[in-house]
$ cat target.txt   # compact mmCIF, C-alpha atoms and all ligand atoms
# COMPACT_ATOMS: atom_id res chain seq x y z
CA MET A 1 16.32 3.41 7.00
CA LYS A 2 12.75 4.60 6.43
CA PHE A 3 10.53 5.85 9.23
CA GLY A 4 6.75 6.10 8.83
CA GLY A 5 4.27 8.64 10.19
CA THR A 6 3.72 7.22 13.68
CA SER A 7 7.49 6.84 14.08
CA MET A 8 7.94 10.55 13.30
CA ALA A 9 4.93 11.86 15.25
CA GLY A 10 6.38 14.51 17.54
CA ILE A 11 9.79 15.59 18.76
CA GLU A 12 10.09 12.79 21.34
CA ARG A 13 9.59 10.17 18.61
CA ILE A 14 12.00 11.98 16.28
CA ARG A 15 14.65 11.98 19.04
CA SER A 16 14.17 8.25 19.41
CA VAL A 17 14.55 7.84 15.63
CA ALA A 18 17.76 9.88 15.81
CA ALA A 19 19.08 7.56 18.54
CA ARG A 20 18.32 4.55 16.35
CA VAL A 21 20.10 6.09 13.37
CA LYS A 22 23.05 6.97 15.59
CA ARG A 23 23.35 3.30 16.68
CA GLU A 24 23.63 2.24 13.03
CA VAL A 25 26.24 4.93 12.32
CA GLU A 26 28.24 3.86 15.37
CA ALA A 27 28.06 0.27 14.15
CA GLY A 28 30.01 1.46 11.08
CA ASN A 29 27.17 1.87 8.58
CA GLU A 30 26.72 4.67 6.08
CA VAL A 31 23.07 5.67 6.36
CA ALA A 32 20.49 7.45 4.23
CA VAL A 33 17.18 8.02 6.00
CA VAL A 34 13.82 8.53 4.29
CA VAL A 35 11.08 10.03 6.45
CA SER A 36 7.29 10.38 6.32
CA ALA A 37 5.32 13.35 7.58
CA MET A 38 4.08 13.15 11.17
CA ALA A 39 1.04 10.84 11.45
CA GLY A 40 -2.13 12.69 10.48
CA GLU A 41 -0.27 15.60 8.89
CA THR A 42 -0.79 14.61 5.26
CA ASP A 43 -4.53 14.15 5.91
CA ARG A 44 -4.61 17.62 7.44
CA LEU A 45 -2.87 19.14 4.41
CA VAL A 46 -5.15 17.30 1.97
CA GLY A 47 -8.10 18.71 3.95
CA PHE A 48 -6.83 22.27 3.46
CA CYS A 49 -6.70 21.76 -0.32
CA ARG A 50 -10.26 20.39 -0.41
CA GLU A 51 -11.46 23.28 1.74
CA ALA A 52 -9.77 25.82 -0.52
CA SER A 53 -11.48 24.42 -3.62
CA SER A 54 -13.17 21.17 -4.57
CA LEU A 55 -11.51 21.52 -7.98
CA TYR A 56 -7.97 22.15 -6.79
CA ASP A 57 -5.03 22.20 -9.20
CA PRO A 58 -3.06 18.96 -8.61
CA LYS A 59 0.23 20.84 -9.12
CA GLU A 60 -0.58 23.12 -6.20
CA TYR A 61 -1.98 20.21 -4.17
CA ASP A 62 1.46 18.61 -4.44
CA VAL A 63 3.14 21.80 -3.22
CA VAL A 64 0.90 21.71 -0.15
CA VAL A 65 0.96 18.00 0.73
CA ALA A 66 4.71 17.55 0.14
CA ALA A 67 5.31 20.03 2.97
CA GLY A 68 4.76 17.49 5.77
CA GLU A 69 7.88 15.56 4.83
CA GLN A 70 9.95 18.73 4.41
CA ILE A 71 9.28 19.50 8.08
CA THR A 72 10.17 16.06 9.43
CA SER A 73 13.35 15.79 7.35
CA GLY A 74 14.62 19.09 8.74
CA LEU A 75 13.62 18.12 12.27
CA LEU A 76 15.38 14.76 12.07
CA ALA A 77 18.56 16.44 10.76
CA ILE A 78 18.41 18.83 13.73
CA ALA A 79 17.82 15.96 16.19
CA LEU A 80 20.75 14.01 14.71
CA GLN A 81 23.05 17.01 14.96
CA ALA A 82 21.95 17.52 18.57
CA ALA A 83 22.90 13.89 19.22
CA GLY A 84 26.36 14.54 17.81
CA VAL A 85 25.77 12.92 14.40
CA LYS A 86 26.68 14.84 11.23
CA ALA A 87 23.52 15.10 9.12
CA ARG A 88 21.79 17.17 6.46
CA SER A 89 18.46 17.10 4.65
CA TRP A 90 18.12 16.66 0.88
CA LEU A 91 14.71 17.72 -0.46
CA GLY A 92 13.30 15.99 -3.52
CA TRP A 93 14.17 18.90 -5.80
CA GLN A 94 17.66 19.25 -4.35
CA LEU A 95 18.97 15.76 -5.05
CA PRO A 96 16.97 15.70 -7.32
CA ILE A 97 14.54 12.79 -7.31
CA HIS A 98 13.17 13.01 -10.88
CA SER A 99 9.58 11.93 -11.43
CA ASP A 100 7.01 12.11 -14.20
CA ASP A 101 4.39 14.87 -14.07
CA ALA A 102 1.39 12.73 -12.99
CA HIS A 103 0.75 15.02 -10.02
CA ALA A 104 -0.53 13.37 -6.82
CA LYS A 105 0.46 9.94 -8.17
CA ALA A 106 3.82 10.55 -9.81
CA ARG A 107 6.30 7.80 -10.60
CA ILE A 108 9.97 8.12 -9.76
CA GLY A 109 12.33 8.07 -12.75
CA THR A 110 15.98 8.47 -11.85
CA ILE A 111 17.61 9.75 -8.69
CA GLU A 112 20.86 11.68 -8.92
CA THR A 113 23.26 10.30 -6.39
CA ASP A 114 26.68 11.95 -6.91
CA ALA A 115 26.30 14.66 -4.26
CA LEU A 116 24.42 12.30 -1.96
CA LEU A 117 27.08 9.59 -2.10
CA ALA A 118 29.89 12.13 -1.62
CA SER A 119 28.20 13.53 1.46
CA MET A 120 27.54 10.07 2.88
CA ALA A 121 31.14 9.01 2.22
CA ALA A 122 32.22 12.10 4.17
CA GLY A 123 30.36 10.76 7.18
CA GLU A 124 27.15 12.77 6.90
CA VAL A 125 23.78 11.06 7.37
CA ALA A 126 21.47 12.00 4.49
CA VAL A 127 17.88 12.73 5.52
CA ILE A 128 15.48 12.59 2.59
CA PRO A 129 11.77 13.49 2.71
CA GLY A 130 9.71 10.62 1.33
CA PHE A 131 6.66 10.98 -0.92
CA GLN A 132 8.11 13.80 -3.06
CA GLY A 133 9.92 14.30 -6.33
CA VAL A 134 10.36 16.94 -9.01
CA SER A 135 9.01 16.90 -12.57
CA ASP A 136 10.94 17.83 -15.71
CA GLU A 137 9.26 21.24 -15.49
CA GLY A 138 10.85 21.68 -12.07
CA ARG A 139 7.58 21.40 -10.18
CA VAL A 140 7.15 19.50 -6.91
CA THR A 141 5.34 16.17 -7.28
CA THR A 142 4.04 13.59 -4.79
CA LEU A 143 3.90 9.84 -5.26
CA GLY A 144 0.45 8.85 -3.96
CA ARG A 145 -0.57 8.09 -0.38
CA GLY A 146 1.85 5.87 1.48
CA GLY A 147 4.51 6.82 -1.09
CA SER A 148 7.40 7.23 1.33
CA ASP A 149 7.90 3.46 1.19
CA THR A 150 8.49 3.82 -2.55
CA SER A 151 10.88 6.74 -2.01
CA ALA A 152 12.88 4.58 0.39
CA VAL A 153 13.14 1.64 -1.99
CA ALA A 154 14.03 3.96 -4.89
CA VAL A 155 16.81 5.63 -2.89
CA ALA A 156 18.08 2.23 -1.73
CA ALA A 157 18.21 1.04 -5.35
CA ALA A 158 19.90 4.22 -6.55
CA ILE A 159 22.68 4.16 -3.96
CA LYS A 160 22.92 0.34 -4.12
CA ALA A 161 22.24 0.01 -0.41
CA ASP A 162 22.86 -3.34 1.26
CA ARG A 163 19.33 -3.20 2.62
CA CYS A 164 16.25 -1.00 2.92
CA ASP A 165 14.87 -1.16 6.47
CA ILE A 166 11.27 0.08 6.70
CA TYR A 167 10.59 1.04 10.32
CA THR A 168 6.93 1.21 11.29
CA ASP A 169 4.54 0.70 14.23
CA VAL A 170 4.39 -3.12 13.96
CA ASP A 171 7.41 -5.41 14.13
CA GLY A 172 6.97 -7.03 10.73
CA VAL A 173 4.53 -8.33 8.16
CA TYR A 174 1.88 -10.54 9.73
CA THR A 175 -0.42 -13.22 8.35
CA THR A 176 -3.10 -10.53 8.55
CA ASP A 177 -3.49 -7.07 10.08
CA PRO A 178 -2.52 -7.68 13.73
CA ARG A 179 -4.84 -4.87 14.76
CA ILE A 180 -7.80 -6.94 13.58
CA VAL A 181 -6.65 -10.44 14.48
CA PRO A 182 -4.59 -10.50 17.67
CA ARG A 183 -3.59 -14.09 16.87
CA ALA A 184 -1.98 -13.11 13.59
CA ARG A 185 1.56 -14.46 13.27
CA LYS A 186 4.64 -12.53 12.23
CA LEU A 187 6.26 -13.86 9.08
CA ALA A 188 10.06 -14.10 9.10
CA LYS A 189 10.08 -13.99 5.30
CA VAL A 190 7.55 -13.28 2.58
CA THR A 191 8.16 -13.39 -1.16
CA TYR A 192 8.09 -10.24 -3.31
CA GLU A 193 5.25 -11.69 -5.30
CA GLU A 194 3.09 -12.44 -2.27
CA MET A 195 3.85 -9.09 -0.67
CA LEU A 196 2.95 -7.36 -3.91
CA GLU A 197 -0.37 -9.18 -4.03
CA LEU A 198 -1.08 -8.61 -0.31
CA ALA A 199 -0.29 -4.89 -0.59
CA SER A 200 -2.44 -4.49 -3.68
CA VAL A 201 -5.46 -6.09 -1.97
CA GLY A 202 -5.26 -3.91 1.12
CA ALA A 203 -2.37 -4.84 3.46
CA LYS A 204 -1.22 -1.25 3.78
CA VAL A 205 1.95 -2.08 5.69
CA LEU A 206 3.87 -1.37 2.45
CA GLN A 207 2.77 0.73 -0.51
CA THR A 208 2.18 -1.59 -3.49
CA ARG A 209 4.52 0.32 -5.76
CA SER A 210 7.39 0.05 -3.29
CA VAL A 211 7.15 -3.75 -3.44
CA GLY A 212 7.03 -3.79 -7.25
CA LEU A 213 10.08 -1.57 -7.38
CA ALA A 214 11.98 -3.66 -4.81
CA MET A 215 11.22 -6.78 -6.85
CA LYS A 216 12.37 -5.17 -10.10
CA GLU A 217 15.52 -3.63 -8.63
CA ASN A 218 16.33 -6.56 -6.33
CA VAL A 219 16.35 -4.40 -3.21
CA ARG A 220 16.53 -6.32 0.06
CA VAL A 221 13.66 -4.93 2.14
CA GLN A 222 13.06 -5.54 5.83
CA VAL A 223 9.93 -4.38 7.71
CA LEU A 224 10.58 -3.81 11.42
CA SER A 225 9.43 -1.79 14.42
CA SER A 226 10.69 1.60 15.53
CA PHE A 227 8.80 1.15 18.80
CA THR A 228 11.46 -0.90 20.58
CA GLY A 229 13.89 0.08 23.33
CA GLU A 230 17.60 0.91 23.18
CA ASP A 231 18.44 -2.73 23.90
CA ALA A 232 16.52 -3.97 20.83
CA PRO A 233 18.48 -6.28 18.49
CA MET A 234 20.32 -4.46 15.67
CA ALA A 235 18.61 -4.42 12.27
CA ASP A 236 21.48 -6.52 10.86
CA THR A 237 20.26 -9.50 12.91
CA LEU A 238 17.01 -9.29 10.88
CA PRO A 239 14.47 -9.07 13.71
CA GLY A 240 11.66 -8.03 11.34
CA THR A 241 10.22 -9.53 8.16
CA MET A 242 12.43 -9.90 5.08
CA ILE A 243 10.88 -9.59 1.63
CA VAL A 244 12.75 -12.15 -0.45
CA ALA A 245 12.81 -13.99 -3.75
CA GLU A 246 10.93 -17.30 -3.86
CA GLU A 247 14.19 -19.33 -3.88
CA GLU A 248 15.07 -17.88 -0.48
CA ILE A 249 12.04 -19.45 1.19
CA ASP A 250 13.34 -22.73 2.50
CA VAL A 251 10.73 -24.18 4.83
CA GLU A 252 7.70 -26.16 3.69
CA ARG A 253 5.22 -23.45 2.81
CA GLN A 254 1.83 -22.88 4.30
CA LEU A 255 -0.90 -23.07 1.71
CA ILE A 256 -1.92 -19.49 2.51
CA THR A 257 0.61 -16.82 3.47
CA GLY A 258 -1.70 -14.00 4.39
CA ILE A 259 -5.17 -12.49 4.39
CA ALA A 260 -5.98 -8.86 3.62
CA HIS A 261 -9.10 -6.74 3.56
CA ASP A 262 -10.05 -3.57 1.73
CA LYS A 263 -13.04 -1.37 2.51
CA ASN A 264 -12.21 1.15 -0.17
CA GLU A 265 -14.15 -0.36 -3.04
CA ALA A 266 -17.70 0.34 -4.13
CA LYS A 267 -20.02 -2.06 -5.95
CA ILE A 268 -21.95 -1.00 -9.03
CA THR A 269 -24.70 -3.05 -10.69
CA LEU A 270 -26.28 -2.35 -14.06
CA THR A 271 -29.55 -4.23 -14.49
CA SER A 272 -31.15 -5.44 -17.71
CA VAL A 273 -28.11 -4.97 -19.93
CA PRO A 274 -28.74 -6.48 -23.41
CA ASP A 275 -27.15 -9.95 -23.61
CA LYS A 276 -25.34 -9.47 -26.92
CA PRO A 277 -21.77 -9.06 -28.24
CA GLY A 278 -20.28 -5.66 -27.39
CA ALA A 279 -22.60 -4.98 -24.44
CA VAL A 280 -19.90 -5.37 -21.81
CA ALA A 281 -17.46 -3.33 -23.88
CA ALA A 282 -20.00 -0.50 -23.96
CA ILE A 283 -19.96 -0.46 -20.14
CA PHE A 284 -16.22 -0.55 -19.57
CA GLU A 285 -15.06 1.75 -22.38
CA PRO A 286 -16.40 4.94 -20.76
CA LEU A 287 -14.86 3.90 -17.42
CA ALA A 288 -11.48 3.27 -19.04
CA ALA A 289 -11.72 6.61 -20.81
CA ALA A 290 -12.27 8.24 -17.41
CA ASN A 291 -9.15 6.45 -16.11
CA ILE A 292 -11.12 4.38 -13.60
CA ASN A 293 -9.73 1.00 -12.56
CA VAL A 294 -12.40 -1.67 -12.45
CA ASP A 295 -11.54 -4.55 -10.15
CA MET A 296 -13.98 -7.44 -9.63
CA ILE A 297 -16.47 -8.15 -12.43
CA ILE A 298 -19.42 -10.56 -12.59
CA GLN A 299 -21.94 -10.99 -15.34
CA ASN A 300 -25.06 -12.76 -14.14
CA ILE A 301 -26.85 -15.43 -16.15
CA ALA A 302 -29.13 -14.03 -18.79
CA HIS A 303 -32.78 -13.46 -17.94
CA ASN A 304 -35.09 -15.24 -20.40
CA HIS A 305 -35.80 -12.03 -22.27
CA GLY A 306 -32.22 -11.61 -23.51
CA SER A 307 -30.88 -9.29 -20.86
CA THR A 308 -28.45 -9.71 -17.99
CA ASP A 309 -27.15 -7.91 -14.89
CA VAL A 310 -23.51 -6.81 -14.70
CA THR A 311 -21.83 -6.12 -11.34
CA PHE A 312 -18.33 -4.76 -10.74
CA THR A 313 -16.29 -2.79 -8.23
CA VAL A 314 -14.37 0.48 -8.52
CA PRO A 315 -12.33 2.42 -5.93
CA SER A 316 -14.79 4.29 -3.65
CA ALA A 317 -12.97 7.50 -4.45
CA ASP A 318 -13.95 7.04 -8.12
CA LEU A 319 -17.59 6.11 -7.49
CA ALA A 320 -19.12 9.49 -8.30
CA ARG A 321 -17.12 9.79 -11.52
CA SER A 322 -18.02 6.21 -12.46
CA LEU A 323 -21.74 6.82 -12.03
CA GLU A 324 -21.47 9.98 -14.07
CA ALA A 325 -19.61 8.23 -16.90
CA LEU A 326 -22.15 5.38 -16.95
CA ASN A 327 -25.15 7.67 -16.87
CA GLN A 328 -23.72 9.61 -19.80
CA ALA A 329 -23.34 6.37 -21.73
CA ARG A 330 -26.82 5.14 -20.80
CA GLU A 331 -28.14 5.25 -24.38
CA ALA A 332 -25.17 3.33 -25.77
CA ILE A 333 -25.23 0.69 -23.02
CA GLY A 334 -28.98 0.37 -22.75
CA PHE A 335 -29.23 -0.66 -19.09
CA GLY A 336 -32.32 -0.63 -16.85
CA GLU A 337 -31.17 0.56 -13.44
CA LEU A 338 -27.85 1.75 -12.06
CA VAL A 339 -27.43 0.62 -8.44
CA HIS A 340 -24.44 1.15 -6.17
CA ASP A 341 -23.32 0.12 -2.69
CA THR A 342 -20.34 1.41 -0.72
CA ARG A 343 -20.95 -0.83 2.29
CA VAL A 344 -18.86 -3.66 0.91
CA ALA A 345 -15.43 -5.09 1.74
CA LYS A 346 -13.07 -7.22 -0.27
CA ILE A 347 -11.40 -10.08 1.59
CA SER A 348 -8.43 -11.76 -0.11
CA VAL A 349 -6.36 -14.82 0.71
CA VAL A 350 -2.88 -14.90 -0.83
CA GLY A 351 -0.25 -17.61 -1.11
CA VAL A 352 2.11 -19.09 -3.72
CA GLY A 353 1.11 -22.49 -2.29
CA MET A 354 -2.22 -22.34 -4.14
CA ARG A 355 -0.41 -22.79 -7.46
CA SER A 356 0.13 -26.42 -6.62
CA HIS A 357 -2.75 -27.18 -4.25
CA ALA A 358 -6.45 -27.45 -4.95
CA GLY A 359 -9.22 -26.47 -2.57
CA VAL A 360 -8.19 -22.99 -1.43
CA ALA A 361 -11.25 -21.27 -2.88
CA SER A 362 -13.57 -24.02 -1.72
CA THR A 363 -12.30 -23.70 1.89
CA MET A 364 -12.93 -19.97 1.66
CA PHE A 365 -16.51 -20.30 0.43
CA THR A 366 -17.38 -23.09 2.89
CA THR A 367 -15.94 -21.21 5.85
CA LEU A 368 -17.80 -18.00 5.03
CA GLY A 369 -21.01 -19.87 4.24
CA ALA A 370 -20.92 -21.68 7.60
CA ARG A 371 -20.89 -18.28 9.29
CA GLY A 372 -23.77 -17.00 7.19
CA ILE A 373 -21.57 -14.53 5.31
CA ASN A 374 -22.93 -13.93 1.83
CA ILE A 375 -20.50 -13.63 -1.10
CA GLN A 376 -21.43 -10.90 -3.59
CA ALA A 377 -18.57 -11.24 -6.07
CA ILE A 378 -15.43 -13.32 -6.57
CA SER A 379 -12.16 -12.78 -8.37
CA THR A 380 -8.98 -14.81 -8.54
CA SER A 381 -5.39 -14.69 -9.71
CA GLU A 382 -2.76 -17.40 -9.75
CA ILE A 383 -1.89 -16.79 -6.09
CA LYS A 384 -5.00 -15.05 -4.74
CA VAL A 385 -8.74 -15.52 -4.18
CA SER A 386 -10.85 -12.45 -3.33
CA VAL A 387 -14.50 -12.21 -2.32
CA LEU A 388 -16.75 -9.23 -1.83
CA ILE A 389 -18.94 -9.25 1.28
CA HIS A 390 -20.94 -6.82 3.43
CA GLU A 391 -18.65 -4.33 5.17
CA ASP A 392 -20.01 -5.12 8.65
CA GLU A 393 -18.75 -8.70 8.31
CA THR A 394 -15.12 -7.78 7.56
CA GLU A 395 -13.56 -8.53 10.94
CA LEU A 396 -15.53 -11.75 11.38
CA ALA A 397 -14.60 -12.97 7.90
CA VAL A 398 -10.90 -12.26 8.35
CA ARG A 399 -10.86 -14.00 11.73
CA VAL A 400 -12.68 -17.18 10.66
CA LEU A 401 -10.57 -17.51 7.50
CA HIS A 402 -7.40 -16.98 9.52
CA THR A 403 -8.40 -19.94 11.67
CA ALA A 404 -9.64 -22.05 8.76
CA TYR A 405 -6.30 -21.83 6.94
CA GLY A 406 -4.40 -22.75 10.11
CA LEU A 407 -2.72 -19.37 10.45
CA ASP A 408 -3.56 -18.64 14.10
CA ALA A 409 -0.61 -18.34 16.44
CA GLU A 410 -0.57 -20.61 19.50
CA ALA A 411 -2.55 -18.95 22.29
CA ALA A 412 -0.11 -17.17 24.60
P1 LIG B 1 3.74 3.86 8.43
O1 LIG B 1 3.15 5.12 8.95
O2 LIG B 1 4.93 3.41 9.21
O3 LIG B 1 4.00 3.88 6.95
P2 LIG B 1 1.32 2.28 7.99
O4 LIG B 1 0.18 2.66 8.87
O5 LIG B 1 1.33 2.74 6.59
O6 LIG B 1 2.65 2.71 8.76
O7 LIG B 1 1.48 0.69 7.98
C1 LIG B 1 1.56 -0.04 9.20
C2 LIG B 1 0.19 -0.63 9.55
O8 LIG B 1 -0.17 -1.60 8.57
C3 LIG B 1 0.14 -1.39 10.84
O9 LIG B 1 -0.11 -0.55 11.94
C4 LIG B 1 -0.98 -2.42 10.61
O10 LIG B 1 -2.17 -2.06 11.26
C5 LIG B 1 -1.21 -2.37 9.11
N1 LIG B 1 -1.23 -3.70 8.49
C6 LIG B 1 -2.16 -4.13 7.60
N2 LIG B 1 -1.92 -5.39 7.23
C7 LIG B 1 -0.78 -5.78 7.87
C8 LIG B 1 -0.03 -7.00 7.88
N3 LIG B 1 -0.38 -8.07 7.14
N4 LIG B 1 1.08 -7.05 8.66
C9 LIG B 1 1.45 -5.99 9.40
N5 LIG B 1 0.77 -4.81 9.43
C10 LIG B 1 -0.34 -4.70 8.67
N1 LIG B 2 2.88 11.18 4.24
C1 LIG B 2 2.42 10.49 3.08
C2 LIG B 2 1.07 9.82 3.33
O1 LIG B 2 0.53 9.87 4.39
C3 LIG B 2 3.41 9.48 2.57
C4 LIG B 2 3.76 8.38 3.56
O2 LIG B 2 3.63 8.54 4.77
O3 LIG B 2 4.21 7.33 3.10
O4 LIG B 2 0.51 9.25 2.43
MG MG B 3 2.77 3.51 5.26
$ encode --input "target.txt" --output "structure tokens" --more "lines below"
Ligand code: ADP
Ligand code: ASP
Ligand code: MG
Amino acid sequence: MKFGGTSMAGIERIRSVAARVKREVEAGNEVAVVVSAMAGETDRLVGFCREASSLYDPKEYDVVVAAGEQITSGLLAIALQAAGVKARSWLGWQLPIHSDDAHAKARIGTIETDALLASMAAGEVAVIPGFQGVSDEGRVTTLGRGGSDTSAVAVAAAIKADRCDIYTDVDGVYTTDPRIVPRARKLAKVTYEEMLELASVGAKVLQTRSVGLAMKENVRVQVLSSFTGEDAPMADTLPGTMIVAEEEIDVERQLITGIAHDKNEAKITLTSVPDKPGAVAAIFEPLAAANINVDMIIQNIAHNHGSTDVTFTVPSADLARSLEALNQAREAIGFGELVHDTRVAKISVVGVGMRSHAGVASTMFTTLGARGINIQAISTSEIKVSVLIHEDETELAVRVLHTAYGLDAEAA
């Protein structure tokens, strides 16, 4: 069982989580629980690091930001004990949860389970702080924002759990963010591949890495709500959304499974780049060297004097470093102007159905065009089409596409 930040926000919520865990124990289950920090806490801790120094040491940043989960794991163990359930916390370094040393975005390696399994077999609920691990040097690491989902899947894989239930503040995965489109529909099942794609293009209900790991390790993952009463159906009846292999999807599929948006990209345009072999390489080499992930790329048609404009997107957080790297390479690239825009949003439609059906992209472009929404860049994969638009048009675009692909729920 994994509980996210809003589910752990305050002692009342933690007591309610304890009651939910107790129900599962009383139903005869052995339970390991992975917890997030209280909602807002990790942001607060990150803020302290930035305030202390703009050039903070990532190793010390991890010591600070991992603390939020240490607090909630101890509190949940206390709340469980108070409810008459045997429980103890296991910090990342105590199990340990081994990770690499890429501080602030570490990857989990192996998790030692002997002591954990012995304690669980003896009837003790294990409470494990998400988001944290320990490097080979014995230093605390964190897994990147939203990383408790990945901790939960990794623990589930390591102890060969029957299922990994991710409890959050919505009751499953929806066709799009239900906070933006009230008529979004809950999906009973979604494939690993689609969930991976949806998460990577902005559906933050699960961290992308957690889905990749679940797919690789064959972990059965369910997303469900922790905001339900004592009479809520048990998790075993699968009230939430199951992430499953493609073979497990039986019904005739919708063409599109879901729509996601992402406002965390910035657009960069280089004007008057020479239209010759190697020109594009000269742009992207310095970005790769600076470890910056470029996402959407378009190269415009050449102007008649042998030059062209190149537009692409990078994570907003990497914009300043990108501009610096490009300016430093100005001689080698030979561009005219360097223009950027952070007021953009990427809208993506995802579905395995588009492998076998034509017209998905065309519907997208027509629908947006009819609403006067201008498309600034496009990218596609086998099961996804993404467009870049003005940020102010995000909600409108998601809503009209949701309707256009027939995803709206019946009006209540
Ligand atoms: P937690 O703190 O439990 O990890 P998150 O805030 O990380 O919760 O993720 C849950 C949120 O994800 C929901 O409140 C919802 O607004 C958002 N979300 C985005 N896309 C979707 C989607 N397709 N289905 C469900 N929730 C989504
Ligand atoms: N507390 C961490 C974060 O906010 C990890 C998590 O909640 O998944 O990113
Ligand atoms: Mg989350």
$ residues_around --input "target.txt" --residues "Cys49 (chain A)" --least-positions-apart "2" --cutoff "12 Å" --atoms "only C-alpha atoms" --output "ChimeraX atom specification"
/A:42-47,51-65
$ atom_distance --input "target.txt" --atom1 "CA of Gly278 (chain A)" --atom2 "CA of Thr308 (chain A)"
13.1 Å
$ closest_residue --input "target.txt" --among "A:Tyr405, A:Tyr192, A:Phe131, A:Trp93" --to "Glu69 (chain A)" --atoms "all atoms listed in the file"
A:Phe131
$ residues_around --input "target.txt" --residues "Ala122 (chain A)" --least-positions-apart "4" --cutoff "10 Å" --atoms "only C-alpha atoms" --output "JSON, numbers by chain"
{"A": [30, 86, 116, 117, 118]}
$ atom_distance --input "target.txt" --atom1 "CA of Ser151 (chain A)" --atom2 "CA of Gly229 (chain A)"
26.4 Å
$ build_atoms --input "target.txt" --residues "region 28-33 of chain A" --atoms "all heavy atoms" --output "CSV table (one decimal), keeping the file's coordinate frame"
chain,number,residue,atom,x,y,z
A,28,GLY,N,29.2,1.4,12.3
A,28,GLY,CA,30.0,1.5,11.1
A,28,GLY,C,29.2,1.5,9.8
A,28,GLY,O,29.8,1.4,8.7
A,29,ASN,N,28.0,1.8,9.8
A,29,ASN,CA,27.2,1.9,8.6
A,29,ASN,C,27.1,3.3,8.0
A,29,ASN,O,27.1,4.3,8.8
A,29,ASN,CB,25.7,1.4,8.8
A,29,ASN,CG,25.7,-0.1,9.1
A,29,ASN,OD1,26.3,-0.9,8.4
A,29,ASN,ND2,25.0,-0.5,10.2
A,30,GLU,N,27.1,3.4,6.7
A,30,GLU,CA,26.7,4.7,6.1
A,30,GLU,C,25.2,4.6,5.9
A,30,GLU,O,24.7,3.7,5.4
A,30,GLU,CB,27.3,4.8,4.7
A,30,GLU,CG,28.8,5.3,4.7
A,30,GLU,CD,29.4,5.3,3.3
A,30,GLU,OE1,28.7,5.7,2.4
A,30,GLU,OE2,30.5,4.9,3.2
A,31,VAL,N,24.5,5.7,6.3
A,31,VAL,CA,23.1,5.7,6.4
A,31,VAL,C,22.4,6.8,5.6
A,31,VAL,O,22.8,8.0,5.7
A,31,VAL,CB,22.6,5.7,7.8
A,31,VAL,CG1,21.1,5.6,7.9
A,31,VAL,CG2,23.2,4.7,8.7
A,32,ALA,N,21.4,6.5,4.8
A,32,ALA,CA,20.5,7.4,4.2
A,32,ALA,C,19.1,7.2,4.9
A,32,ALA,O,18.8,6.0,5.0
A,32,ALA,CB,20.4,7.3,2.7
A,33,VAL,N,18.5,8.2,5.3
A,33,VAL,CA,17.2,8.0,6.0
A,33,VAL,C,16.1,8.7,5.2
A,33,VAL,O,16.3,9.8,4.7
A,33,VAL,CB,17.2,8.7,7.4
A,33,VAL,CG1,15.9,8.3,8.2
A,33,VAL,CG2,18.4,8.3,8.2
